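So the structure is just underneath, and the comments pick up after that.
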Amino acid sequence: MIGHVDLARDDAPKVHFSNLAREFRKFGANVRCVLYTPVEAGYEQIGNDVTVKFIPNPLIGNILGRAIKYLLVIPFIILEFIRFRPNMIYFRFSPPVLLYLLVVKSLKLLSFRFKVILEFDDWLPEQRAIQGESPLKVGVIKNLQIGTARLADYIRVVVPGIKKKLLFYGVNDSKIAVIGNGTDIEHFYPIEKREAKKLIGVSTDFLYVGFIGNFAIWQGLDYFIQAIPNVLKVHNNTRFILVGDGPEMPKIQKEISQFKNKEVLLTGRVSYKEVGKYINAFDVGVAPFIEERNASIGLSPLKIKDYAACGVPIVTSRIEGLEMVEKEDIGILVPPEDSEALSEAIIKLLKDPQMRERMGKKGRKIAEEKFSWNLVIKQILGLVF
């Protein structure tokens, strides 16, 4: 497994990559992770029986230094390849992967036999455009993503929208499989609400509506904050918890300054080990995704499945990929970017403890049956073997 993943950070790439590695190992595979990562010291082990090799970090230094480091990664990958002689190579896409994939595929000329699986969990050009990158850079990244897809033996996309993009650009349909993200149902499991609230140090006298994740523009946190006053008008015994960090943090801090009496708790980043306690303290879990970027490719967010695994009812946006929230009766879908509809759905759940309990129990059942990483790995291995 090769990717730009920082095991010292508790972010979605690390959680995603680590869970995949552990599940591959549970299936009996010998797993070696090769990471061109920002941090080596102080990282969290993936597992006692998963080997991790660190290679030079190309994100440190000036442009020339970074370019040289991207090239220096190549001999390390070749060396690890020869030592390990894999049957399967799993790449998590980032722009330099095209270069590394070209190198790895050339090893087939030396009679090595293996298959390459490439994972796309996003359509990177759109993400970079939203973040304000120049059209030139966005265009380069788009061509890198398309070129990498054409080289891979198999492609795992986490949502149908990414497959549609690849098909539009002429990538072979037969090698693309839509395999969504999962959740660790052994790590995320229901805890009694009062106990969970005590564990994170909040009062058990209130109901809590919470969000957990990266504070990025496409998460729609603006609309969540706009919904809070409407909820408080009807349910003043409600409090709100935002767990995480990210580029939108300064803006979020400013927006919540209007509230008083600890009505909104901003925790900052919480470790993966502890995050299940916070989710279990939520009486309602929200994920107010916006349309831009999300609607064009669809969604398979970790947080939705983590909420479900903890037995927390969900309020999220009506965007492709989230239909199962309504279909499986584990939450309520609302129009994206509509703070009034968001507040109405939250109020509906807060008013009805029986509904919350019913949706929470169904969420846990669905997580066990359909959302586990074990099922994701079975589908990935089914592409090759």
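Residues are referred to by chain and number: the chain letter is A, B, ... according to the order shown in the structure tokens, the number counts from 1 in that chain, and ligands are numbered separately from 1 in the order shown.
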Picked from segment 44-175 of chain A by DSSP as helix (DSSP H, G or I), as an mmCIF file with C-alpha atoms, in the first residue's frame:
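Written out: out18.cif:
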```cif
data_model
loop_
_atom_site.group_PDB
_atom_site.id
_atom_site.type_symbol
_atom_site.label_atom_id
_atom_site.label_comp_id
_atom_site.auth_asym_id
_atom_site.auth_seq_id
_atom_site.Cartn_x
_atom_site.Cartn_y
_atom_site.Cartn_z
ATOM 1 C CA ILE A 63 9.666 24.159 -5.094
ATOM 2 C CA LEU A 64 12.974 22.833 -6.441
ATOM 3 C CA GLY A 65 13.667 20.853 -3.276
ATOM 4 C CA ARG A 66 10.197 19.354 -3.346
ATOM 5 C CA ALA A 67 10.572 18.344 -7.007
ATOM 6 C CA ILE A 68 13.850 16.590 -6.218
ATOM 7 C CA LYS A 69 12.278 14.802 -3.252
ATOM 8 C CA TYR A 70 9.391 13.553 -5.399
ATOM 9 C CA LEU A 71 12.012 11.941 -7.638
ATOM 10 C CA LEU A 72 13.932 10.572 -4.633
ATOM 11 C CA VAL A 73 10.828 8.642 -3.603
ATOM 12 C CA ILE A 74 11.233 6.424 -6.694
ATOM 13 C CA PRO A 75 14.289 4.349 -5.619
ATOM 14 C CA PHE A 76 12.717 3.765 -2.208
ATOM 15 C CA ILE A 77 9.555 2.415 -3.829
ATOM 16 C CA ILE A 78 11.593 0.156 -6.149
ATOM 17 C CA LEU A 79 13.679 -1.137 -3.226
ATOM 18 C CA GLU A 80 10.611 -1.943 -1.143
ATOM 19 C CA PHE A 81 8.984 -3.568 -4.154
ATOM 20 C CA ILE A 82 11.946 -5.883 -4.749
ATOM 21 C CA ARG A 83 12.146 -6.787 -1.056
ATOM 22 C CA PHE A 84 8.440 -7.481 -0.686
ATOM 23 C CA VAL A 97 1.096 8.837 -8.052
ATOM 24 C CA LEU A 98 1.164 8.966 -11.884
ATOM 25 C CA LEU A 99 4.965 9.040 -11.750
ATOM 26 C CA TYR A 100 5.183 6.232 -9.198
ATOM 27 C CA LEU A 101 2.666 4.114 -11.051
ATOM 28 C CA LEU A 102 4.676 4.433 -14.276
ATOM 29 C CA VAL A 103 7.759 3.210 -12.400
ATOM 30 C CA VAL A 104 5.950 0.319 -10.742
ATOM 31 C CA LYS A 105 4.280 -0.827 -13.971
ATOM 32 C CA SER A 106 7.671 -0.861 -15.716
ATOM 33 C CA LEU A 107 8.762 -3.574 -13.276
ATOM 34 C CA LYS A 108 6.437 -5.959 -15.083
ATOM 35 C CA LEU A 109 9.075 -5.986 -17.824
ATOM 36 C CA LEU A 110 11.298 -7.840 -15.317
ATOM 37 C CA LEU A 124 -9.328 16.405 -7.004
ATOM 38 C CA PRO A 125 -9.639 19.125 -9.699
ATOM 39 C CA GLU A 126 -12.981 20.276 -8.275
ATOM 40 C CA GLN A 127 -11.673 20.257 -4.718
ATOM 41 C CA ARG A 128 -8.661 22.345 -5.685
ATOM 42 C CA ALA A 129 -10.821 24.785 -7.678
ATOM 43 C CA ILE A 130 -13.037 25.381 -4.630
ATOM 44 C CA PRO A 135 -7.061 27.196 -13.541
ATOM 45 C CA LEU A 136 -3.664 26.073 -14.825
ATOM 46 C CA LYS A 137 -2.921 24.040 -11.712
ATOM 47 C CA VAL A 138 -6.443 22.609 -11.657
ATOM 48 C CA GLY A 139 -6.004 21.531 -15.288
ATOM 49 C CA VAL A 140 -2.677 19.840 -14.549
ATOM 50 C CA ILE A 141 -4.180 17.941 -11.616
ATOM 51 C CA LYS A 142 -7.123 16.817 -13.764
ATOM 52 C CA ASN A 143 -4.770 15.397 -16.391
ATOM 53 C CA LEU A 144 -2.704 13.658 -13.705
ATOM 54 C CA GLN A 145 -5.825 12.030 -12.248
ATOM 55 C CA ILE A 146 -7.068 10.871 -15.662
ATOM 56 C CA GLY A 147 -3.630 9.618 -16.722
ATOM 57 C CA THR A 148 -3.185 7.667 -13.497
ATOM 58 C CA ALA A 149 -6.606 6.056 -13.934
ATOM 59 C CA ARG A 150 -5.708 4.849 -17.424
ATOM 60 C CA LEU A 151 -2.566 3.145 -16.136
ATOM 61 C CA PRO A 160 -20.634 6.693 -8.539
ATOM 62 C CA GLY A 161 -19.979 10.331 -9.507
ATOM 63 C CA ILE A 162 -16.219 9.742 -9.761
ATOM 64 C CA LYS A 163 -16.862 6.766 -12.047
ATOM 65 C CA LYS A 164 -19.000 9.005 -14.283
ATOM 66 C CA LYS A 165 -16.118 11.473 -14.511
ATOM 67 C CA LEU A 166 -13.663 8.754 -15.469
ATOM 68 C CA LEU A 167 -16.003 7.286 -18.089
ATOM 69 C CA PHE A 168 -16.485 10.757 -19.600
ATOM 70 C CA ASP A 173 -15.615 0.892 -17.624
ATOM 71 C CA SER A 174 -14.718 -2.741 -16.931
ATOM 72 C CA LYS A 175 -11.903 -1.872 -14.517
#
```
Closest contacts (segment 171-196 of chain A/segment 278-295 of chain A, max 8 Å, only C-alpha atoms) as JSON lines:
```
{"residue": "A:Pro190", "atom": "CA", "partner": "A:Asn280", "partner_atom": "CA", "distance": 6.4}
{"residue": "A:Ile191", "atom": "CA", "partner": "A:Asn280", "partner_atom": "CA", "distance": 5.9}
{"residue": "A:Glu192", "atom": "CA", "partner": "A:Asn280", "partner_atom": "CA", "distance": 7.5}
{"residue": "A:Lys193", "atom": "CA", "partner": "A:Ala281", "partner_atom": "CA", "distance": 5.6}
{"residue": "A:Arg194", "atom": "CA", "partner": "A:Ala281", "partner_atom": "CA", "distance": 7.5}
{"residue": "A:Ala196", "atom": "CA", "partner": "A:Ala281", "partner_atom": "CA", "distance": 5.0}
```
Show me, as a PDB file with N, CA and C atoms, in the first residue's frame, the residues that have an atom within 10 Å of Ile252 of chain A when counting only C-alpha atoms, minus same-chain residues fewer than 6 positions from it.
```pdb
ATOM      1  N   PHE A 215     -13.023  20.741   9.147  1.00  0.00           N
ATOM      2  CA  PHE A 215     -13.697  22.032   8.982  1.00  0.00           C
ATOM      3  C   PHE A 215     -13.309  22.616   7.619  1.00  0.00           C
ATOM      4  N   LEU A 221     -20.686  23.849   7.334  1.00  0.00           N
ATOM      5  CA  LEU A 221     -20.840  24.215   8.749  1.00  0.00           C
ATOM      6  C   LEU A 221     -21.514  25.577   8.932  1.00  0.00           C
ATOM      7  N   ASP A 222     -21.385  26.452   7.943  1.00  0.00           N
ATOM      8  CA  ASP A 222     -22.088  27.741   8.012  1.00  0.00           C
ATOM      9  C   ASP A 222     -23.586  27.528   8.239  1.00  0.00           C
ATOM     10  N   ILE A 225     -24.453  26.342  11.770  1.00  0.00           N
ATOM     11  CA  ILE A 225     -24.433  27.437  12.746  1.00  0.00           C
ATOM     12  C   ILE A 225     -25.648  28.351  12.560  1.00  0.00           C
ATOM     13  N   LEU A 242     -19.114  20.900  18.088  1.00  0.00           N
ATOM     14  CA  LEU A 242     -18.396  20.789  16.826  1.00  0.00           C
ATOM     15  C   LEU A 242     -17.012  20.229  17.123  1.00  0.00           C
ATOM     16  N   ASP A 245     -11.134  20.239  13.261  1.00  0.00           N
ATOM     17  CA  ASP A 245     -10.317  21.401  12.945  1.00  0.00           C
ATOM     18  C   ASP A 245     -10.194  21.466  11.428  1.00  0.00           C
ATOM     19  N   GLY A 246      -9.588  22.529  10.933  1.00  0.00           N
ATOM     20  CA  GLY A 246      -9.424  22.646   9.499  1.00  0.00           C
ATOM     21  C   GLY A 246      -9.384  24.092   9.054  1.00  0.00           C
ATOM     22  N   LEU A 266     -16.785  24.096  20.991  1.00  0.00           N
ATOM     23  CA  LEU A 266     -15.835  23.857  19.909  1.00  0.00           C
ATOM     24  C   LEU A 266     -14.645  23.127  20.504  1.00  0.00           C
TER      25      LEU A 266
END
```
Considering only C-alpha atoms, tabulate each residue of segment 51-128 of chain A that lies at most 10 Å from segment 370-385 of chain A along with its nearest interatomic pair and the corresponding distance in Å to one decimal; arrange the rows by chain and ascending residue number and present them as a tab-separated table.
```
residue	atom	partner	partner_atom	distance
A:Asn87	CA	A:Val384	CA	9.5
A:Met88	CA	A:Val384	CA	8.1
A:Tyr90	CA	A:Ile380	CA	9.9
A:Phe114	CA	A:Val384	CA	9.5
A:Lys115	CA	A:Val384	CA	7.2
A:Val116	CA	A:Val384	CA	9.0
A:Ile117	CA	A:Ile380	CA	8.5
```
Prev. selection, N, CA and C atoms, output as a compact mmCIF listing (two decimals), in the first residue's frame:
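Dumped everything to selection.txt:
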```
# COMPACT_ATOMS: atom_id res chain seq x y z
N ASN A 87 1.89 -9.27 -4.60
CA ASN A 87 0.92 -9.74 -5.59
C ASN A 87 -0.03 -8.61 -5.99
N MET A 88 -0.19 -7.65 -5.09
CA MET A 88 -1.11 -6.55 -5.33
C MET A 88 -0.52 -5.28 -4.75
N TYR A 90 -1.64 -1.34 -3.82
CA TYR A 90 -2.80 -0.48 -3.61
C TYR A 90 -2.31 0.95 -3.46
N PHE A 114 1.93 -8.84 -10.76
CA PHE A 114 1.13 -8.20 -9.73
C PHE A 114 0.05 -7.37 -10.40
N LYS A 115 -0.94 -6.97 -9.61
CA LYS A 115 -2.00 -6.10 -10.08
C LYS A 115 -1.97 -4.81 -9.27
N VAL A 116 -2.34 -3.72 -9.94
CA VAL A 116 -2.38 -2.41 -9.29
C VAL A 116 -3.82 -1.97 -9.13
N ILE A 117 -4.19 -1.67 -7.88
CA ILE A 117 -5.49 -1.07 -7.60
C ILE A 117 -5.27 0.38 -7.20
```
Do you have the atom CA of Lys260 of chain A-atom CA of Glu344 of chain A distance handy?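 Calculated distance between atom CA of Lys260 of chain A and atom CA of Glu344 of chain A is 21.9 Å.
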Using DSSP secondary structure from the backbone, list all strand (DSSP E) positions within segment 91-263 of chain A, as a list in words. Phe91, Arg92, Lys115, Val116, Ile117, Leu118, Glu119, Phe120, Tyr154, Ile155, Arg156, Val157, Ile176, Ala177, Val178, Leu207, Tyr208, Val209, Gly210, Phe211, Ile212, Thr238, Arg239, Phe240, Ile241, Leu242 and Val243 of chain A
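Ranking A:Asp329, A:Glu368, A:Asp49, A:Glu274 by their shortest atom-to-atom distance to Asp10 of chain A, with only C-alpha atoms included, puts A:Glu274 first.
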May I ask for the distance between atom CA of Arg358 of chain A and atom CA of Ile330 of chain A, given in Å to one decimal place?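 Separating atom CA of Arg358 of chain A from atom CA of Ile330 of chain A is a distance of 8.0 Å.
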If we count only C-alpha atoms and set the cut-off at 9 Å, which residues sit around His16 of chain A, ignoring sequence neighbours fewer than 3 positions away in its own chain? Please answer as a ChimeraX atom specification. /A:11-13,19-21,181-183,302
Exercise: Ile46 of chain A partners within 7 Å, only C-alpha atoms, chain neighbours under 3 positions left out, as a list in words: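 Near Ile46 of chain A, the qualifying residues are Ser18, Arg22 and Val50 of chain A.
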Near Val34 of chain A, within 8 Å and counting only C-alpha atoms, which residues show up once chain neighbours fewer than 3 positions away are dropped, as a VMD selection string? chain A and resid 1 to 3 52 to 55 77 80
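Considering the residues A:Met324, A:Lys277, A:Ala29, A:His4 and counting only C-alpha atoms, Glu195 of chain A has its shortest atom-to-atom contact with A:Lys277.
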Can you work out which one of A:Lys361, A:Arg32, A:His187, A:Lys198 has the shortest atom-to-atom distance to Asp306 of chain A, counting only C-alpha atoms? A:His187
I'd like to know which of A:Tyr223, A:Phe27, A:Tyr272, A:Tyr169 is closest to Pro335 of chain A, using only C-alpha atoms.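 Smallest distance to Pro335 of chain A is found for A:Tyr223.
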Would you list the contacts of Gly311 of chain A as a PyMOL selection string, taking every protein, DNA or RNA residue within 8 Å and counting only C-alpha atoms, but skipping same-chain residues closer than 4 positions in sequence? chain A and resi 189-190+280+307+359-364
Quick check, in Å to one decimal: how far apart do atom CA of Ile155 of chain A and atom CA of Glu119 of chain A lie?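 Here the two named atoms are 5.9 Å from each other.
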Which is closest to Ser300 of chain A among A:Val243, A:Ala8, A:Ile347, A:Leu322, if we use only C-alpha atoms? A:Leu322
